[in-house]
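Working notes, structure below.
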Amino acid sequence: MPPPLTNHPILSSLNDAQRRAVSSDAATVAILAGPGSGKTHTLTSRVVWLIDHVGYRPEDVIVATFTVKAARKMKERIGKALGHGREKKIVLGNFHSIARRYLAAYGRKIGINQKFGIADDGDSRSIISRICKRKEVTLDPVAVRAWISKKKAKGDEVDAKPPGKKAAKTAGEKDLEECYDEYQAHLKNSNLLDFDDLLVRCVELLREFPSCVSNIQTVLIDEYQDTNGIQYELMKLFAQRHKRITIVGDPDQSIYGWRSAEIQNLWRMLKDFPGTDEISLEQNYRSSDAILRLSLLVIQQDKKRYQKALKPVHGRGSRPVLRRLKSASAEADWIVSEIRRVIIMSGSMLTFNDVAILLRSASLSRHIESALGKSGIAYRMVGGKKFYERLEIKAILDYLRVIYQPENNDALARIINVPKRGVGDVTIKSLLEEAEGSSLSVWAILTKHCRGDRTAKTKIPKPMEQRIAAGLIRPMDNIRRKMEEAAKPDGATFGLVDMIEQLLAGLNFQKHLQDTHPDDHEQRWANLEEFVTLAGDFVRDLNESIEDDLLPEIEGLEQSKEDEVLPRFLANVSLASDVQTGENEENKPMVTISTIHAAKGLEWPIVFVPAVYNGSIPHMRSDDNDEERRLLYVAMTRAQSLLYLSCPLFSTNGNGERNQLSSFVEPMHRAFATKGPCFDRPVMLEIAKVLGRTLPPEDEVFKALPSMFNPEDSLFPVDPEESKEVSVGGTEGRTSNDAPRAKRPRLSNKSSGQNGAEDAQWHRDYTTTMEGASSFTVSALPGFVSAGAHQAAITAANAAAEARQKAEQVKKLANRRALDQKSILGFVKSTSSSTADSTPLPSSRSSLPAQTGFAPPQVTANPGQQPIPPSLATHKPAKGTLLSRPSRPAPAPNEMPKGKAYPCFSSSPVKPDIKQDPDEEDDEPPPEPTRVAACLHSTTFTKPTLLSVGKGAGGLTRPSPVGRVGKTPIAPIDRLRKPFKPLTIKRQ
DNA sequence: TCATGCCAAGTTTTT
DNA sequence: CTTGGCATGA
């Protein structure tokens with residue numbers, strides 16, 4: 001008999017459904033949590049509840065997330081709620097790192113050498129491509145790798161193979177099998193496990209030796225929709241003793257299918273654990289109503305998905321924008337101008353920190369980075385190139401790996417000629433083959449050869465031998481010797497940092513960089529210095545046991561102790577997609593550029609999603625359109641207040657090819673505004689309300705406006721076609737590269753008319769005059785709503801009344817599934833067993849209401865689940881200006897807690913109210929261009945140029961490191977790893 | 001025979 | 001801006 005629920009403090013910050021999820025007594029709990037519904041908050045609260053209230057020991061709880069970032073955030077939040085540093089004892093991490101921990105501790109039991117290393121992406125690739133090359137049949141290494149990884153990730157090969165199966169195999173499959181076996185043998189020789197192996201072997205371990213997890217009372221899984229088969233197995237095995245599992249996930253946000261994530265796992269779970277308590281969290285605390293509606297419109301095109309509501313807590317907000325631009329660079333320039341405009345119009349209530357630009361692929365960042373750089377806006381790039389993948393860093397890492405694992409032939413092969421030692425491909429290949437043929441590692445062959453103990457079969461000319469001996473073997477031996485000395489009780493300390501520094505010195509690496517990269521050796525060297533400080537941070541954290549990843553002792557089970565720093569550092573590097581984000585001491589506001597994948601779980605007040613065209617999203621190389629759509633949905637639902645999608649009309653690379661608006665938004669493109677909103681007082685006040693911030697007084701905002709500032713989004717034509725003089729024919733085939741296209745659109749005569757012909761591409765054949773009219777009238781007069789929209793509002797109001805009635809009825813059961821909402825299990829069963837749609841949605845085109853403005857999303861298709869919020873019911877078209885916009889009726893207090901009640905919701909750090917002195921931005925729009933480029937992406941970083949630094953428009957096509965310290969360029973450290981931390985390097 | 005330098009071509013998402 | 005292929009020189 002648990003005490004009354006309401007008394008526990010952890011429950012006070014939760015809504016009904018969340019509270020039920022947190023305090024559920026069921027052994028297995030499935031929490032279905034839409035975006036912004038407080039998923040993480042709920043999960044952390046449940047952890048705290050299970051420990052504090054139910055009484056499990058922290059060390060008997062496993063919390064598995066999908067990414068390192070999520071794990072870290074989770075740990076931090078649990079720590080805050082739990083206190084006493086007890087969160088450190090929880091077995092918490094992403095799947096891979098938890099599996100690695102178990103294998104390090106108990107891997108011996110299943111024959112894993114305790115000193116195993118982790119084969120990262122590059123390792124796997126090079127091993128496989130070598131195997132493929134050796135075969136007579138030409139196999140695509142990439143495909144082979146994907147096949148192998150899929151095979152491992154599926155995890156269901158536990159079922160004994162039927163003996164006759166071999167015969168049925170096609171020749172291709174046999175080749176693949178062979179590659180698989182060779183690959184595994186190779187990994188074994190080098191004592192490596194690849195990412196999938198970590199999971200596969202851990203499953204093996206826990207299956208054979210359940211005692212390793214005999215202490216585990218309960219298991220919690222975050223982002224469950226991203227688990228794959230093997231992770232599902234692992235989850236079950238973690239929980240095998242007591243079978244208490246809590247999962248949190250959202251099928252709509254499953255974007256890792258390409259990594260074998262299986263949405264079906266949700267169904268598997270419900271089937272495998274019949275008593276599972278299903279709870280939906282449908283309140284959205286993040287985004288404005290308008291953003292949610294459009295996001296829902298997008299995701300609802302997927303007719304097979306599990307229907308789930310998204311109930312707004314906030315007011316309507318401004319209409320999301322779908323902007324058409326001429327080219328990618330115009331798009332980037334527009335984004336910059338729009339960022340500026342918002343921030344200035346907000347009187348600096350909003351800062352660069354509040355802005356995110358989310359991309360389908362990292363390569364899209366080029367133009368945007370350059371535009372941001374040009375105008376002196378600092379930014380950080382998340383995703384894309386990784387710090388540890390930089391050439392110079394990778395080389396040093398490979399050296400470290402060889403020091404730790406001399407038998408790692410692949411790592412050695414990569415560095416044997418870095419710096420140049422006159423060893424070429426042929427020699428390397430020969431060495432590798434010799435190593436495979438004998439029982440010796442390449443390292444052993446080399447050392448023996450140089451010592452004269454054994455002559456290598458590979459031909460090694462004298463000069464080469466000498467360079468290897470002096471340049472490679474000697475410095476490495478020196479380091480190993482020092483390590484051994486340090487291991488002795490009275491030995492001088494020789495830490496990781498010493499090791500790296502010694503290595504850099506012994507290899508004369510700085511000189512090597514100067515020789516091989518004369519243009520940017522300084523940056524690369526700076527990267528290495530940063531790497532040294534990173535290593536230092538890691539060691540320090542380890543000593544302060546911030547990174548406490550030891551497993552609890554279990555009676556009668558002996559653990560291998562992992563006391564060495566080096567292996568843990570290497571594992572950390574391989575498994576971590578990002579290094580811990582240090583606190584932003586300097587607090588320099590930066591715009592975030594991120595891939596959509598990397599943005600999952602995060603939120604920003606202002607979100608831009610550029611390149612919304614077919615080929616980008618959905619990506620041309622993707623074969624799962626539904627997943628691509630979900631990706632767009634994830635991107636859109638990151639936004640709190642302002643959401644901008646944009647689409648360049650012409651692609652930049654393929655000579656003037658036309659881009660086609662993404663088919664995900666094409667059907668509802670009229671629900672978007674065609675340009676950025678007018679940021680008058682009411683709009684800004686609403687933004688402030690959603691964000692829980694205070695808007696500076698109007699006169700202050702006004703005073704801070706730079707002269708010549710354009711308060712509207714009118715610098716770029718709403719219809720970029722108009723600036724093209726030769727657009728008469730408009731035939732698709734015409735690809736001649738006419739020069740005028742590259743010109744910036746003229747700002748004057750922007751209001752020149754648009755005509756139906758130009759609209760045709762976007763509005764299609766069903767365009768009516770009325771619609772056409774509204775589309776430009778609305779954009780010309782922000783705030784004016786067309787009659788069509790009014791009509792929509794009235795229908796919506798009726799629907800809303802009905803919906804509300806229904807909502808009243810089911811309110812008592814709000815925590816459970818709505819009455820007419822099927823169980824997930826039922827849903828999956830019905831869709832998988834029958835072809836008929838259980839909830840048929842009209843085809844998106846015909847279902848689109850003929851009106852512009854906000855169409856209630858699929859009201860008829862989904863009665864009772866999409867209650868129209870009161871805001872729309874009472875909405876009246878404003879008259880002329882937004883000033884008369886009716887304020888939103890107060891939400892029912894019990895149902896709609898204000899933002900303050902959920903202080904922990906935001907995934908991003910709590911943003912302080914900005915109290916900048918207003919006189920700061922008196923004359924020029926560009927904020928003082930200090931160190932722009934602290935985070936410059938290496939791809940866009942060029943040599944510092946002094947021209948045009950203050951101008952911002954001096955014809956630079958790439959960001960220049962504007963506020964450099966002294967005369968040295970700032971290193972283009974990829975701030976993915978340490979987004980906020982200022983450079984720690986001291987340069988002379 | 002092999003190392004090296006030059007030129008050309010392509011570029012999803014991540015543990 | 002990195003990788004792969006080719007020609008040249010040792």
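Each chain in the structure tokens gets a letter, A, B, ..., in the order shown, and its residues are numbered from 1; ligands are numbered from 1 in order too.
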
Rows by chain and residue number, chain A within 7 Å of chain B, shortest pair, only C-alpha atoms (C1' of nucleotides), as CSV:
residue,atom,partner,partner_atom,distance
A:His96,CA,B:DT15,C1',6.8
A:Phe195,CA,B:DT15,C1',6.4
A:Ser361,CA,B:DT12,C1',5.7
A:Gly422,CA,B:DA3,C1',6.6
A:Gly424,CA,B:DA3,C1',5.9
A:Leu575,CA,B:DT15,C1',6.2
A:His597,CA,B:DT13,C1',6.3

Within 12 Å of chain A, which residues of chain C come that close, and what is the closest atom pair and distance in Å for each? Count only C-alpha atoms (C1' of nucleotides) and give it as JSON lines.
{"residue": "C:DC1", "atom": "C1'", "partner": "A:Thr939", "partner_atom": "CA", "distance": 6.4}
{"residue": "C:DT2", "atom": "C1'", "partner": "A:Thr939", "partner_atom": "CA", "distance": 9.9}
{"residue": "C:DA10", "atom": "C1'", "partner": "A:Gly422", "partner_atom": "CA", "distance": 12.0}

Residues near region 392-394 of chain A, anyone? I mean within 10 Å using only C-alpha atoms (C1' of nucleotides), not counting same-chain ones fewer than 3 positions away, as an mmCIF file with all heavy atoms, in the first residue's frame.
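Contents of part.cif, as written:
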data_model
loop_
_atom_site.group_PDB
_atom_site.id
_atom_site.type_symbol
_atom_site.label_atom_id
_atom_site.label_comp_id
_atom_site.auth_asym_id
_atom_site.auth_seq_id
_atom_site.Cartn_x
_atom_site.Cartn_y
_atom_site.Cartn_z
ATOM 1 N N PHE A 387 34.811 16.172 -34.276
ATOM 2 C CA PHE A 387 36.141 16.570 -33.842
ATOM 3 C C PHE A 387 37.115 15.410 -33.949
ATOM 4 O O PHE A 387 38.212 15.549 -34.463
ATOM 5 C CB PHE A 387 36.043 17.059 -32.400
ATOM 6 C CG PHE A 387 37.339 17.564 -31.851
ATOM 7 C CD1 PHE A 387 37.909 18.716 -32.344
ATOM 8 C CD2 PHE A 387 37.983 16.878 -30.840
ATOM 9 C CE1 PHE A 387 39.097 19.192 -31.839
ATOM 10 C CE2 PHE A 387 39.174 17.340 -30.329
ATOM 11 C CZ PHE A 387 39.728 18.503 -30.823
ATOM 12 N N TYR A 388 36.676 14.258 -33.486
ATOM 13 C CA TYR A 388 37.587 13.117 -33.458
ATOM 14 C C TYR A 388 37.845 12.538 -34.840
ATOM 15 O O TYR A 388 38.663 11.655 -34.994
ATOM 16 C CB TYR A 388 37.024 12.017 -32.561
ATOM 17 C CG TYR A 388 36.984 12.411 -31.124
ATOM 18 C CD1 TYR A 388 35.831 12.274 -30.366
ATOM 19 C CD2 TYR A 388 38.111 12.946 -30.517
ATOM 20 C CE1 TYR A 388 35.802 12.642 -29.049
ATOM 21 C CE2 TYR A 388 38.087 13.316 -29.199
ATOM 22 C CZ TYR A 388 36.927 13.169 -28.466
ATOM 23 O OH TYR A 388 36.911 13.533 -27.159
ATOM 24 N N GLU A 389 37.097 13.011 -35.816
ATOM 25 C CA GLU A 389 37.327 12.482 -37.144
ATOM 26 C C GLU A 389 38.273 13.346 -37.951
ATOM 27 O O GLU A 389 38.598 13.019 -39.088
ATOM 28 C CB GLU A 389 35.996 12.309 -37.870
ATOM 29 C CG GLU A 389 35.445 10.928 -37.634
ATOM 30 C CD GLU A 389 33.960 10.839 -37.855
ATOM 31 O OE1 GLU A 389 33.447 11.579 -38.703
ATOM 32 O OE2 GLU A 389 33.331 10.023 -37.159
ATOM 33 N N LEU A 397 44.893 9.528 -32.210
ATOM 34 C CA LEU A 397 44.083 8.484 -31.587
ATOM 35 C C LEU A 397 44.562 7.101 -32.010
ATOM 36 O O LEU A 397 44.627 6.182 -31.194
ATOM 37 C CB LEU A 397 42.611 8.657 -31.970
ATOM 38 C CG LEU A 397 41.836 9.663 -31.141
ATOM 39 C CD1 LEU A 397 40.475 9.926 -31.755
ATOM 40 C CD2 LEU A 397 41.672 9.151 -29.717
ATOM 41 N N ASP A 398 44.895 6.980 -33.277
ATOM 42 C CA ASP A 398 45.390 5.685 -33.729
ATOM 43 C C ASP A 398 46.712 5.332 -33.049
ATOM 44 O O ASP A 398 46.947 4.180 -32.703
ATOM 45 C CB ASP A 398 45.548 5.689 -35.250
ATOM 46 C CG ASP A 398 44.230 5.404 -35.952
ATOM 47 O OD1 ASP A 398 43.414 4.682 -35.366
ATOM 48 O OD2 ASP A 398 44.018 5.900 -37.070
ATOM 49 N N TYR A 399 47.538 6.321 -32.854
ATOM 50 C CA TYR A 399 48.777 6.048 -32.104
ATOM 51 C C TYR A 399 48.451 5.528 -30.710
ATOM 52 O O TYR A 399 49.044 4.569 -30.224
ATOM 53 C CB TYR A 399 49.637 7.310 -32.008
ATOM 54 C CG TYR A 399 50.572 7.480 -33.185
ATOM 55 C CD1 TYR A 399 50.282 8.341 -34.232
ATOM 56 C CD2 TYR A 399 51.760 6.743 -33.248
ATOM 57 C CE1 TYR A 399 51.127 8.481 -35.310
ATOM 58 C CE2 TYR A 399 52.608 6.873 -34.328
ATOM 59 C CZ TYR A 399 52.291 7.748 -35.358
ATOM 60 O OH TYR A 399 53.136 7.854 -36.428
ATOM 61 N N LEU A 400 47.491 6.193 -30.072
ATOM 62 C CA LEU A 400 47.124 5.755 -28.724
ATOM 63 C C LEU A 400 46.569 4.334 -28.739
ATOM 64 O O LEU A 400 46.840 3.534 -27.848
ATOM 65 C CB LEU A 400 46.084 6.711 -28.126
ATOM 66 C CG LEU A 400 46.575 8.126 -27.828
ATOM 67 C CD1 LEU A 400 45.432 8.995 -27.332
ATOM 68 C CD2 LEU A 400 47.696 8.091 -26.797
ATOM 69 N N ALA A 411 44.818 0.059 -37.088
ATOM 70 C CA ALA A 411 45.237 1.361 -36.581
ATOM 71 C C ALA A 411 46.697 1.602 -36.958
ATOM 72 O O ALA A 411 47.063 2.693 -37.409
ATOM 73 C CB ALA A 411 45.049 1.424 -35.069
ATOM 74 N N ARG A 414 47.262 2.584 -40.490
ATOM 75 C CA ARG A 414 46.877 3.950 -40.842
ATOM 76 C C ARG A 414 47.946 4.963 -40.460
ATOM 77 O O ARG A 414 48.029 6.038 -41.044
ATOM 78 C CB ARG A 414 45.559 4.307 -40.146
ATOM 79 C CG ARG A 414 44.377 4.282 -41.099
ATOM 80 C CD ARG A 414 43.075 4.403 -40.376
ATOM 81 N NE ARG A 414 42.716 3.140 -39.750
ATOM 82 C CZ ARG A 414 42.012 3.033 -38.637
ATOM 83 N NH1 ARG A 414 41.591 4.099 -38.018
ATOM 84 N NH2 ARG A 414 41.731 1.853 -38.138
ATOM 85 N N ILE A 415 48.741 4.628 -39.478
ATOM 86 C CA ILE A 415 49.706 5.634 -39.015
ATOM 87 C C ILE A 415 51.138 5.292 -39.378
ATOM 88 O O ILE A 415 52.047 6.073 -39.129
ATOM 89 C CB ILE A 415 49.614 5.811 -37.491
ATOM 90 C CG1 ILE A 415 49.649 4.449 -36.821
ATOM 91 C CG2 ILE A 415 48.381 6.588 -37.127
ATOM 92 C CD1 ILE A 415 50.296 4.455 -35.499
ATOM 93 N N VAL A 418 52.440 8.037 -41.318
ATOM 94 C CA VAL A 418 52.061 9.377 -40.853
ATOM 95 C C VAL A 418 52.802 9.655 -39.565
ATOM 96 O O VAL A 418 52.483 9.045 -38.557
ATOM 97 C CB VAL A 418 50.545 9.475 -40.588
ATOM 98 C CG1 VAL A 418 50.194 10.857 -40.081
ATOM 99 C CG2 VAL A 418 49.761 9.118 -41.821
ATOM 100 N N PHE A 509 55.341 16.070 -34.503
ATOM 101 C CA PHE A 509 54.094 16.131 -35.241
ATOM 102 C C PHE A 509 53.806 17.531 -35.780
ATOM 103 O O PHE A 509 53.210 17.690 -36.838
ATOM 104 C CB PHE A 509 52.945 15.667 -34.337
ATOM 105 C CG PHE A 509 51.847 14.995 -35.084
ATOM 106 C CD1 PHE A 509 51.968 13.682 -35.496
ATOM 107 C CD2 PHE A 509 50.682 15.682 -35.419
ATOM 108 C CE1 PHE A 509 50.958 13.067 -36.213
ATOM 109 C CE2 PHE A 509 49.669 15.066 -36.132
ATOM 110 C CZ PHE A 509 49.811 13.755 -36.529
ATOM 111 N N LEU A 513 52.772 18.487 -39.563
ATOM 112 C CA LEU A 513 51.613 19.259 -39.997
ATOM 113 C C LEU A 513 52.029 20.395 -40.915
ATOM 114 O O LEU A 513 51.387 20.673 -41.925
ATOM 115 C CB LEU A 513 50.865 19.808 -38.780
ATOM 116 C CG LEU A 513 50.045 18.801 -37.990
ATOM 117 C CD1 LEU A 513 49.363 19.483 -36.817
ATOM 118 C CD2 LEU A 513 49.001 18.141 -38.877
ATOM 119 N N HIS A 521 48.070 24.509 -41.054
ATOM 120 C CA HIS A 521 48.694 23.698 -40.003
ATOM 121 C C HIS A 521 48.475 24.305 -38.643
ATOM 122 O O HIS A 521 48.409 23.602 -37.640
ATOM 123 C CB HIS A 521 50.186 23.502 -40.284
ATOM 124 C CG HIS A 521 50.967 24.766 -40.217
ATOM 125 N ND1 HIS A 521 51.599 25.167 -39.082
ATOM 126 C CD2 HIS A 521 51.203 25.737 -41.135
ATOM 127 C CE1 HIS A 521 52.215 26.325 -39.298
ATOM 128 N NE2 HIS A 521 51.981 26.685 -40.544
ATOM 129 N N ARG A 524 45.234 23.101 -37.316
ATOM 130 C CA ARG A 524 45.300 21.683 -36.972
ATOM 131 C C ARG A 524 46.098 21.463 -35.695
ATOM 132 O O ARG A 524 45.753 20.621 -34.872
ATOM 133 C CB ARG A 524 45.906 20.899 -38.130
ATOM 134 C CG ARG A 524 44.951 20.823 -39.308
ATOM 135 C CD ARG A 524 45.578 20.184 -40.509
ATOM 136 N NE ARG A 524 44.748 20.309 -41.689
ATOM 137 C CZ ARG A 524 43.906 19.373 -42.119
ATOM 138 N NH1 ARG A 524 43.788 18.244 -41.469
ATOM 139 N NH2 ARG A 524 43.181 19.563 -43.190
ATOM 140 N N TRP A 525 47.137 22.213 -35.568
ATOM 141 C CA TRP A 525 47.905 22.101 -34.331
ATOM 142 C C TRP A 525 47.057 22.554 -33.151
ATOM 143 O O TRP A 525 47.080 21.944 -32.079
ATOM 144 C CB TRP A 525 49.198 22.918 -34.442
ATOM 145 C CG TRP A 525 50.060 22.786 -33.227
ATOM 146 C CD1 TRP A 525 50.341 23.731 -32.307
ATOM 147 C CD2 TRP A 525 50.746 21.581 -32.804
ATOM 148 N NE1 TRP A 525 51.154 23.209 -31.326
ATOM 149 C CE2 TRP A 525 51.412 21.902 -31.605
ATOM 150 C CE3 TRP A 525 50.838 20.280 -33.323
ATOM 151 C CZ2 TRP A 525 52.177 20.948 -30.915
ATOM 152 C CZ3 TRP A 525 51.596 19.357 -32.615
ATOM 153 C CH2 TRP A 525 52.256 19.693 -31.441
ATOM 154 N N ASN A 527 43.939 22.292 -32.945
ATOM 155 C CA ASN A 527 43.022 21.191 -32.664
ATOM 156 C C ASN A 527 43.673 20.175 -31.746
ATOM 157 O O ASN A 527 43.051 19.663 -30.813
ATOM 158 C CB ASN A 527 42.630 20.483 -33.962
ATOM 159 C CG ASN A 527 41.667 21.306 -34.776
ATOM 160 O OD1 ASN A 527 41.067 22.255 -34.252
ATOM 161 N ND2 ASN A 527 41.528 20.964 -36.035
ATOM 162 N N LEU A 528 44.923 19.895 -32.039
ATOM 163 C CA LEU A 528 45.613 18.920 -31.209
ATOM 164 C C LEU A 528 45.780 19.439 -29.788
ATOM 165 O O LEU A 528 45.665 18.683 -28.824
ATOM 166 C CB LEU A 528 46.972 18.584 -31.832
ATOM 167 C CG LEU A 528 46.867 17.622 -33.009
ATOM 168 C CD1 LEU A 528 48.166 17.546 -33.773
ATOM 169 C CD2 LEU A 528 46.474 16.240 -32.506
ATOM 170 N N GLU A 529 46.047 20.725 -29.679
ATOM 171 C CA GLU A 529 46.175 21.262 -28.327
ATOM 172 C C GLU A 529 44.849 21.163 -27.594
ATOM 173 O O GLU A 529 44.796 20.867 -26.403
ATOM 174 C CB GLU A 529 46.662 22.711 -28.405
ATOM 175 C CG GLU A 529 48.101 22.788 -28.896
ATOM 176 C CD GLU A 529 48.653 24.193 -28.848
ATOM 177 O OE1 GLU A 529 48.097 25.046 -29.562
ATOM 178 O OE2 GLU A 529 49.618 24.426 -28.126
ATOM 179 N N GLU A 530 43.796 21.402 -28.339
ATOM 180 C CA GLU A 530 42.478 21.245 -27.743
ATOM 181 C C GLU A 530 42.245 19.790 -27.333
ATOM 182 O O GLU A 530 41.658 19.507 -26.287
ATOM 183 C CB GLU A 530 41.405 21.697 -28.740
ATOM 184 C CG GLU A 530 39.972 21.523 -28.269
ATOM 185 C CD GLU A 530 39.572 22.520 -27.186
ATOM 186 O OE1 GLU A 530 40.401 23.393 -26.853
ATOM 187 O OE2 GLU A 530 38.454 22.405 -26.660
ATOM 188 N N PHE A 531 42.710 18.919 -28.152
ATOM 189 C CA PHE A 531 42.590 17.496 -27.854
ATOM 190 C C PHE A 531 43.299 17.173 -26.542
ATOM 191 O O PHE A 531 42.782 16.416 -25.713
ATOM 192 C CB PHE A 531 43.195 16.688 -29.004
ATOM 193 C CG PHE A 531 43.156 15.200 -28.808
ATOM 194 C CD1 PHE A 531 41.959 14.528 -28.782
ATOM 195 C CD2 PHE A 531 44.341 14.477 -28.666
ATOM 196 C CE1 PHE A 531 41.923 13.148 -28.611
ATOM 197 C CE2 PHE A 531 44.317 13.116 -28.495
ATOM 198 C CZ PHE A 531 43.106 12.447 -28.465
#

| Point-to-point distance from CA of Val61 (chain A) to CA of Lys39 (chain A), Å rounded to tenths |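 CA of Lys39 (chain A) lies at a distance of 18.6 Å from CA of Val61 (chain A).
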
| What does the distance between CA of Thr595 (chain A) and CA of Val382 (chain A) come to in Å, to one decimal place? |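 These atoms are spaced 6.8 Å apart.
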
| task | Considering only C-alpha atoms (C1' of nucleotides), return as an MDAnalysis selection string whatever protein or nucleic-acid residues lie within 8 Å of Pro589 (chain A), sequence-local ones (same chain, fewer than 3 positions apart) excluded. | result | chainID A and resid 351:353 378

Output the selection as a PDB file, in the first residue's frame - all heavy atoms for each residue.
ATOM      1  N   THR A 351      17.741  36.002 -28.246  1.00  0.00           N
ATOM      2  CA  THR A 351      19.144  36.126 -28.634  1.00  0.00           C
ATOM      3  C   THR A 351      19.480  35.037 -29.648  1.00  0.00           C
ATOM      4  O   THR A 351      18.657  34.195 -29.954  1.00  0.00           O
ATOM      5  CB  THR A 351      20.081  35.955 -27.430  1.00  0.00           C
ATOM      6  OG1 THR A 351      20.097  34.570 -27.058  1.00  0.00           O
ATOM      7  CG2 THR A 351      19.627  36.783 -26.253  1.00  0.00           C
ATOM      8  N   PHE A 352      20.703  35.083 -30.098  1.00  0.00           N
ATOM      9  CA  PHE A 352      21.145  34.064 -31.052  1.00  0.00           C
ATOM     10  C   PHE A 352      21.011  32.657 -30.468  1.00  0.00           C
ATOM     11  O   PHE A 352      20.832  31.689 -31.185  1.00  0.00           O
ATOM     12  CB  PHE A 352      22.594  34.308 -31.470  1.00  0.00           C
ATOM     13  CG  PHE A 352      22.768  35.550 -32.305  1.00  0.00           C
ATOM     14  CD1 PHE A 352      23.835  36.399 -32.092  1.00  0.00           C
ATOM     15  CD2 PHE A 352      21.872  35.848 -33.308  1.00  0.00           C
ATOM     16  CE1 PHE A 352      24.001  37.539 -32.869  1.00  0.00           C
ATOM     17  CE2 PHE A 352      22.019  36.976 -34.093  1.00  0.00           C
ATOM     18  CZ  PHE A 352      23.089  37.828 -33.864  1.00  0.00           C
ATOM     19  N   ASN A 353      21.119  32.573 -29.168  1.00  0.00           N
ATOM     20  CA  ASN A 353      20.978  31.257 -28.542  1.00  0.00           C
ATOM     21  C   ASN A 353      19.608  30.636 -28.787  1.00  0.00           C
ATOM     22  O   ASN A 353      19.446  29.427 -28.661  1.00  0.00           O
ATOM     23  CB  ASN A 353      21.163  31.377 -27.025  1.00  0.00           C
ATOM     24  CG  ASN A 353      22.617  31.394 -26.650  1.00  0.00           C
ATOM     25  OD1 ASN A 353      23.460  30.864 -27.382  1.00  0.00           O
ATOM     26  ND2 ASN A 353      22.931  32.016 -25.532  1.00  0.00           N
ATOM     27  N   ALA A 378      27.815  34.578 -34.543  1.00  0.00           N
ATOM     28  CA  ALA A 378      28.494  33.372 -34.069  1.00  0.00           C
ATOM     29  C   ALA A 378      27.550  32.189 -34.149  1.00  0.00           C
ATOM     30  O   ALA A 378      26.346  32.337 -33.995  1.00  0.00           O
ATOM     31  CB  ALA A 378      28.950  33.563 -32.629  1.00  0.00           C
TER      32      ALA A 378
END

| request: Rounded to one decimal place, report the CA of Gly172 (chain A)-CA of Thr138 (chain A) distance in Å. | output: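 Going from CA of Gly172 (chain A) over to CA of Thr138 (chain A) covers 10.6 Å.
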
| Can you list, as a PyMOL selection string, every residue of region 442-540 of chain A that DSSP puts in alpha helix (DSSP H)? | chain A and resi 442-451+462-468+474-487+496-506+509-516+521-540

| message | Restricting the calculation to only C-alpha atoms: of A:Gln660, A:Val213, A:Ser346, A:Gly506, which residue gets closest to Gly471 (chain A)? | response |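 Going through A:Gln660, A:Val213, A:Ser346, A:Gly506 one by one, the smallest distance to Gly471 (chain A) is for A:Gly506.
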
| request: Could you please write out, as a ChimeraX atom specification, every residue of region 62-234 of chain A that DSSP assigns to strand (DSSP E)? | output: /A:62-65,91-94,117-119,192-194,218-221
